[in-house]
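**Q** Structure file coords.cif (mmCIF, C-alpha atoms; chains and numbers go by the auth columns) is given on the next line.
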data_target
loop_
_atom_site.group_PDB
_atom_site.id
_atom_site.type_symbol
_atom_site.label_atom_id
_atom_site.label_comp_id
_atom_site.label_asym_id
_atom_site.label_seq_id
_atom_site.Cartn_x
_atom_site.Cartn_y
_atom_site.Cartn_z
_atom_site.B_iso_or_equiv
_atom_site.auth_seq_id
_atom_site.auth_asym_id
ATOM 1 C CA MET A 1 -23.782 5.866 0.421 0.00 86 A
ATOM 2 C CA THR A 2 -21.675 5.386 3.554 0.00 87 A
ATOM 3 C CA ALA A 3 -18.365 3.522 3.259 0.00 88 A
ATOM 4 C CA LYS A 4 -17.997 0.359 5.341 0.00 89 A
ATOM 5 C CA PHE A 5 -14.629 -0.416 6.901 0.00 90 A
ATOM 6 C CA THR A 6 -13.384 -3.909 7.783 0.00 91 A
ATOM 7 C CA VAL A 7 -10.286 -4.375 9.939 0.00 92 A
ATOM 8 C CA LEU A 8 -7.914 -6.638 7.980 0.00 93 A
ATOM 9 C CA GLY A 9 -4.977 -6.337 10.362 0.00 94 A
ATOM 10 C CA ASN A 10 -4.037 -4.560 13.571 0.00 95 A
ATOM 11 C CA THR A 11 -0.539 -4.587 15.108 0.00 96 A
ATOM 12 C CA THR A 12 0.787 -2.866 18.220 0.00 97 A
ATOM 13 C CA LEU A 13 4.518 -3.340 18.689 0.00 98 A
ATOM 14 C CA THR A 14 5.589 -4.993 21.944 0.00 99 A
ATOM 15 C CA THR A 15 9.264 -4.537 20.958 0.00 100 A
ATOM 16 C CA SER A 16 10.859 -2.098 18.545 0.00 101 A
ATOM 17 C CA SER A 17 10.933 -3.051 14.857 0.00 102 A
ATOM 18 C CA ALA A 18 12.344 -1.527 11.644 0.00 103 A
ATOM 19 C CA SER A 19 9.292 -2.669 9.646 0.00 104 A
ATOM 20 C CA VAL A 20 5.760 -4.026 9.903 0.00 105 A
ATOM 21 C CA THR A 21 4.193 -6.138 7.156 0.00 106 A
ATOM 22 C CA PHE A 22 0.580 -7.002 6.376 0.00 107 A
ATOM 23 C CA SER A 23 0.483 -10.067 4.104 0.00 108 A
ATOM 24 C CA SER A 24 -2.134 -12.278 2.445 0.00 109 A
ATOM 25 C CA ILE A 25 -4.386 -9.245 1.881 0.00 110 A
ATOM 26 C CA PRO A 26 -7.729 -10.437 0.468 0.00 111 A
ATOM 27 C CA SER A 27 -9.112 -8.942 -2.748 0.00 112 A
ATOM 28 C CA GLY A 28 -12.733 -8.492 -1.660 0.00 113 A
ATOM 29 C CA HIS A 29 -12.681 -4.728 -1.029 0.00 114 A
ATOM 30 C CA LYS A 30 -12.747 -1.609 -3.206 0.00 115 A
ATOM 31 C CA ASP A 31 -9.875 0.236 -1.477 0.00 116 A
ATOM 32 C CA LEU A 32 -7.463 -0.214 1.421 0.00 117 A
ATOM 33 C CA VAL A 33 -6.638 2.270 4.166 0.00 118 A
ATOM 34 C CA LEU A 34 -3.375 1.956 6.092 0.00 119 A
ATOM 35 C CA GLN A 35 -3.240 3.866 9.389 0.00 120 A
ATOM 36 C CA VAL A 36 -0.095 4.311 11.488 0.00 121 A
ATOM 37 C CA LEU A 37 0.410 6.003 14.859 0.00 122 A
ATOM 38 C CA ALA A 38 4.119 5.624 15.578 0.00 123 A
ATOM 39 C CA GLY A 39 7.359 6.845 16.989 0.00 124 A
ATOM 40 C CA CYS A 40 10.998 5.816 16.643 0.00 125 A
ATOM 41 C CA ILE A 41 13.639 5.074 19.220 0.00 126 A
ATOM 42 C CA ASN A 42 16.063 7.903 18.375 0.00 127 A
ATOM 43 C CA ASP A 43 15.604 11.503 17.204 0.00 128 A
ATOM 44 C CA ASN A 44 17.583 11.100 13.966 0.00 129 A
ATOM 45 C CA GLY A 45 16.725 12.266 10.463 0.00 130 A
ATOM 46 C CA ARG A 46 14.685 9.506 8.803 0.00 131 A
ATOM 47 C CA GLN A 47 11.846 8.807 6.426 0.00 132 A
ATOM 48 C CA VAL A 48 9.027 6.272 6.289 0.00 133 A
ATOM 49 C CA PHE A 49 8.323 4.200 3.188 0.00 134 A
ATOM 50 C CA ILE A 50 5.760 1.653 2.018 0.00 135 A
ATOM 51 C CA ARG A 51 6.710 -1.356 -0.083 0.00 136 A
ATOM 52 C CA LEU A 52 4.004 -3.260 -1.979 0.00 137 A
ATOM 53 C CA ASN A 53 4.246 -7.010 -2.614 0.00 138 A
ATOM 54 C CA GLY A 54 7.933 -6.921 -1.659 0.00 139 A
ATOM 55 C CA ASP A 55 8.703 -5.083 -4.923 0.00 140 A
ATOM 56 C CA THR A 56 12.176 -3.473 -4.809 0.00 141 A
ATOM 57 C CA GLY A 57 12.144 -2.080 -8.378 0.00 142 A
ATOM 58 C CA SER A 58 12.338 1.642 -9.100 0.00 143 A
ATOM 59 C CA ASN A 59 8.724 1.779 -10.233 0.00 144 A
ATOM 60 C CA TYR A 60 7.221 3.895 -7.452 0.00 145 A
ATOM 61 C CA SER A 61 6.688 7.619 -8.027 0.00 146 A
ATOM 62 C CA TYR A 62 5.314 10.370 -5.807 0.00 147 A
ATOM 63 C CA VAL A 63 4.538 14.069 -5.481 0.00 148 A
ATOM 64 C CA ASN A 64 4.926 15.439 -1.945 0.00 149 A
ATOM 65 C CA MET A 65 3.705 18.704 -0.434 0.00 150 A
ATOM 66 C CA LYS A 66 4.919 19.529 3.067 0.00 151 A
ATOM 67 C CA GLY A 67 4.292 22.385 5.468 0.00 152 A
ATOM 68 C CA GLU A 68 5.856 22.864 8.881 0.00 153 A
ATOM 69 C CA SER A 69 6.396 25.760 11.274 0.00 154 A
ATOM 70 C CA GLY A 70 6.179 28.551 8.723 0.00 155 A
ATOM 71 C CA SER A 71 7.969 26.813 5.843 0.00 156 A
ATOM 72 C CA SER A 72 6.800 24.718 2.922 0.00 157 A
ATOM 73 C CA LEU A 73 8.294 22.284 0.439 0.00 158 A
ATOM 74 C CA SER A 74 7.202 20.300 -2.580 0.00 159 A
ATOM 75 C CA ASN A 75 9.121 17.626 -4.419 0.00 160 A
ATOM 76 C CA SER A 76 8.672 14.560 -6.587 0.00 161 A
ATOM 77 C CA ALA A 77 10.730 11.461 -7.337 0.00 162 A
ATOM 78 C CA THR A 78 10.791 7.950 -8.703 0.00 163 A
ATOM 79 C CA THR A 79 12.073 5.478 -6.100 0.00 164 A
ATOM 80 C CA ASN A 80 12.132 1.809 -5.085 0.00 165 A
ATOM 81 C CA ARG A 81 9.294 2.198 -2.520 0.00 166 A
ATOM 82 C CA LEU A 82 6.412 4.587 -1.783 0.00 167 A
ATOM 83 C CA PHE A 83 7.360 7.677 0.201 0.00 168 A
ATOM 84 C CA ALA A 84 5.111 8.080 3.253 0.00 169 A
ATOM 85 C CA GLY A 85 6.559 11.171 4.934 0.00 170 A
ATOM 86 C CA SER A 86 9.648 12.431 6.724 0.00 171 A
ATOM 87 C CA PRO A 87 8.522 13.623 10.135 0.00 172 A
ATOM 88 C CA GLN A 88 11.612 12.136 11.840 0.00 173 A
ATOM 89 C CA LEU A 89 9.550 10.440 14.562 0.00 174 A
ATOM 90 C CA PRO A 90 11.283 11.738 17.682 0.00 175 A
ATOM 91 C CA ALA A 91 9.020 10.160 20.318 0.00 176 A
ATOM 92 C CA ALA A 92 6.512 7.340 20.666 0.00 177 A
ATOM 93 C CA ASN A 93 3.141 7.915 19.010 0.00 178 A
ATOM 94 C CA THR A 94 3.762 11.447 17.771 0.00 179 A
ATOM 95 C CA TRP A 95 3.531 10.698 14.038 0.00 180 A
ATOM 96 C CA GLN A 96 0.232 9.879 12.295 0.00 181 A
ATOM 97 C CA MET A 97 -0.098 8.576 8.743 0.00 182 A
ATOM 98 C CA GLN A 98 -3.119 7.489 6.718 0.00 183 A
ATOM 99 C CA MET A 99 -2.674 6.093 3.209 0.00 184 A
ATOM 100 C CA GLN A 100 -5.541 5.126 0.919 0.00 185 A
ATOM 101 C CA LEU A 101 -4.704 2.552 -1.768 0.00 186 A
ATOM 102 C CA MET A 102 -7.367 2.931 -4.431 0.00 187 A
ATOM 103 C CA ASP A 103 -8.698 -0.051 -6.387 0.00 188 A
ATOM 104 C CA TYR A 104 -5.802 -2.109 -4.982 0.00 189 A
ATOM 105 C CA SER A 105 -6.922 -5.459 -6.411 0.00 190 A
ATOM 106 C CA ALA A 106 -7.343 -4.290 -10.039 0.00 191 A
ATOM 107 C CA THR A 107 -4.937 -6.010 -12.437 0.00 192 A
ATOM 108 C CA ASN A 108 -5.524 -3.748 -15.454 0.00 193 A
ATOM 109 C CA LYS A 109 -4.003 -0.515 -14.081 0.00 194 A
ATOM 110 C CA HIS A 110 -1.376 0.854 -11.721 0.00 195 A
ATOM 111 C CA THR A 111 -2.128 1.284 -8.003 0.00 196 A
ATOM 112 C CA SER A 112 -2.584 4.920 -6.890 0.00 197 A
ATOM 113 C CA THR A 113 -2.388 6.185 -3.316 0.00 198 A
ATOM 114 C CA LEU A 114 -3.189 9.339 -1.376 0.00 199 A
ATOM 115 C CA THR A 115 -1.385 9.862 1.931 0.00 200 A
ATOM 116 C CA ARG A 116 -1.881 12.351 4.744 0.00 201 A
ATOM 117 C CA VAL A 117 0.777 12.689 7.439 0.00 202 A
ATOM 118 C CA GLY A 118 0.900 14.733 10.617 0.00 203 A
ATOM 119 C CA ASN A 119 3.628 15.245 13.199 0.00 204 A
ATOM 120 C CA ASN A 120 2.765 16.900 16.494 0.00 205 A
ATOM 121 C CA THR A 121 6.094 17.297 18.270 0.00 206 A
ATOM 122 C CA THR A 122 9.414 19.115 18.093 0.00 207 A
ATOM 123 C CA GLY A 123 12.822 17.415 18.175 0.00 208 A
ATOM 124 C CA THR A 124 16.363 17.837 16.922 0.00 209 A
ATOM 125 C CA PHE A 125 15.416 17.181 13.288 0.00 210 A
ATOM 126 C CA VAL A 126 11.709 17.941 13.250 0.00 211 A
ATOM 127 C CA THR A 127 9.045 20.545 13.896 0.00 212 A
ATOM 128 C CA PRO A 128 5.263 20.043 13.847 0.00 213 A
ATOM 129 C CA GLY A 129 3.924 19.772 10.314 0.00 214 A
ATOM 130 C CA VAL A 130 1.889 17.966 7.678 0.00 215 A
ATOM 131 C CA HIS A 131 2.457 16.174 4.363 0.00 216 A
ATOM 132 C CA ALA A 132 0.086 15.422 1.486 0.00 217 A
ATOM 133 C CA ILE A 133 1.467 12.798 -0.893 0.00 218 A
ATOM 134 C CA ALA A 134 0.101 11.348 -4.130 0.00 219 A
ATOM 135 C CA SER A 135 1.856 8.163 -5.260 0.00 220 A
ATOM 136 C CA ARG A 136 1.753 5.526 -7.969 0.00 221 A
ATOM 137 C CA TRP A 137 3.043 1.975 -8.062 0.00 222 A
ATOM 138 C CA ALA A 138 3.766 1.248 -11.744 0.00 223 A
ATOM 139 C CA ASN A 139 2.731 -2.389 -11.590 0.00 224 A
ATOM 140 C CA THR A 140 -0.543 -4.070 -12.555 0.00 225 A
ATOM 141 C CA ALA A 141 -0.384 -6.782 -9.879 0.00 226 A
ATOM 142 C CA ALA A 142 -3.057 -6.819 -7.192 0.00 227 A
ATOM 143 C CA VAL A 143 -1.679 -5.629 -3.836 0.00 228 A
ATOM 144 C CA THR A 144 -1.335 -8.657 -1.551 0.00 229 A
ATOM 145 C CA SER A 145 1.208 -7.367 0.988 0.00 230 A
ATOM 146 C CA ILE A 146 2.173 -3.983 2.435 0.00 231 A
ATOM 147 C CA SER A 147 5.348 -3.282 4.424 0.00 232 A
ATOM 148 C CA VAL A 148 5.856 -0.090 6.436 0.00 233 A
ATOM 149 C CA GLU A 149 9.588 0.661 6.806 0.00 234 A
ATOM 150 C CA THR A 150 11.838 3.308 8.339 0.00 235 A
ATOM 151 C CA SER A 151 14.925 4.522 6.475 0.00 236 A
ATOM 152 C CA ALA A 152 16.925 4.407 9.719 0.00 237 A
ATOM 153 C CA ASP A 153 16.305 3.266 13.282 0.00 238 A
ATOM 154 C CA SER A 154 13.208 1.300 14.384 0.00 239 A
ATOM 155 C CA PHE A 155 9.590 2.028 15.234 0.00 240 A
ATOM 156 C CA SER A 156 9.238 2.267 19.011 0.00 241 A
ATOM 157 C CA THR A 157 7.361 -0.082 21.316 0.00 242 A
ATOM 158 C CA GLY A 158 3.665 0.856 21.415 0.00 243 A
ATOM 159 C CA SER A 159 3.521 2.035 17.786 0.00 244 A
ATOM 160 C CA THR A 160 0.272 0.890 16.130 0.00 245 A
ATOM 161 C CA PHE A 161 -0.425 -0.155 12.543 0.00 246 A
ATOM 162 C CA ARG A 162 -3.904 -0.907 11.160 0.00 247 A
ATOM 163 C CA LEU A 163 -5.067 -2.031 7.735 0.00 248 A
ATOM 164 C CA LEU A 164 -8.707 -1.521 6.745 0.00 249 A
ATOM 165 C CA GLY A 165 -10.679 -2.785 3.758 0.00 250 A
ATOM 166 C CA VAL A 166 -13.165 -0.257 2.356 0.00 251 A
ATOM 167 C CA ASN A 167 -16.425 -1.203 0.643 0.00 252 A
#
Show this structure as structure tokens.

**A**
Amino acid sequence: MTAKFTVLGNTTLTTSSASVTFSSIPSGHKDLVLQVLAGCINDNGRQVFIRLNGDTGSNYSYVNMKGESGSSLSNSATTNRLFAGSPQLPAANTWQMQMQLMDYSATNKHTSTLTRVGNNTTGTFVTPGVHAIASRWANTAAVTSISVETSADSFSTGSTFRLLGVN
């Protein structure tokens, strides 16, 4: 069976912004896929995070595997938002992220995600590399909003964010 994708939201920034939010997400799909092609204004050390339903509690956990320019890293943590990579975003549209939120509308289990991240440029704080991240939101609420946030700075003009429903 072939998966069918429905565009639920599509945003291209016309001015810089520290976050982008998709709200009023309908429950009629099996999974969600969040795709981001972005950059940030400055080449400073930063990370990207996802917040679900505006939840600021420390009930997000992740395992991260990262490889870049001959080095590797793995780590895990419990935080107040989902980790979505730390490619430092030195230039517009050089960072790609795809996160799948599985069974996002179920109310009898926690929401699990798988994220793939790629960075294709070199800057002061970054070299080309990839991340693979498995995450869990320890909450049984259906996901109705998703915010993509930077830990510092803002996403640059022209950055694109797309949310897909998967059937």

**Q** Of the residues A:Ile231, A:Met182, A:Leu93, A:Leu167, which is the one nearest to Gly124 of chain A, using all atoms listed in the file?

**A** A:Met182

**Q** Report, in Å to a single decimal, how far apart atom CA of Gly139 of chain A and atom CA of Leu249 of chain A are.

**A**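 Atom CA of Gly139 of chain A lies 19.4 Å from atom CA of Leu249 of chain A.
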
**Q** Record the distance separating atom CA of Gln181 of chain A and atom CA of Thr87 of chain A, expressed in Å with one decimal.

**A** 24.0 Å

**Q** Calculate how many Å separate atom CA of Val233 of chain A from atom CA of Arg201 of chain A, rounding to one decimal.

**A**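 These atoms are spaced 14.7 Å apart.
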
**Q** Name the residues in contact with Ala223 of chain A at a cut-off of 9 Å, using all atoms listed in the file, excluding same-chain residues fewer than 2 positions from it; report them as a list in words.

**A**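 Answer for this query is Ser143, Asn144, Tyr145, Ser146, Lys194, His195, Thr196, Ser197, Arg221 and Thr225 of chain A.
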
**Q** Under the rule that all atoms listed in the file are counted, which of A:Gln120, A:Asn204, A:Ser108, A:Thr91 is the nearest residue to Glu153 of chain A?

**A**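 Of all the options, A:Asn204 lies closest to Glu153 of chain A.
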
**Q** Pick from A:Val133, A:Leu119, A:Leu98, A:Ile126: nearest to Glu234 of chain A, with only C-alpha atoms counted?

**A**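 When distances to Glu234 of chain A are compared using only C-alpha atoms, the smallest one comes from A:Val133.
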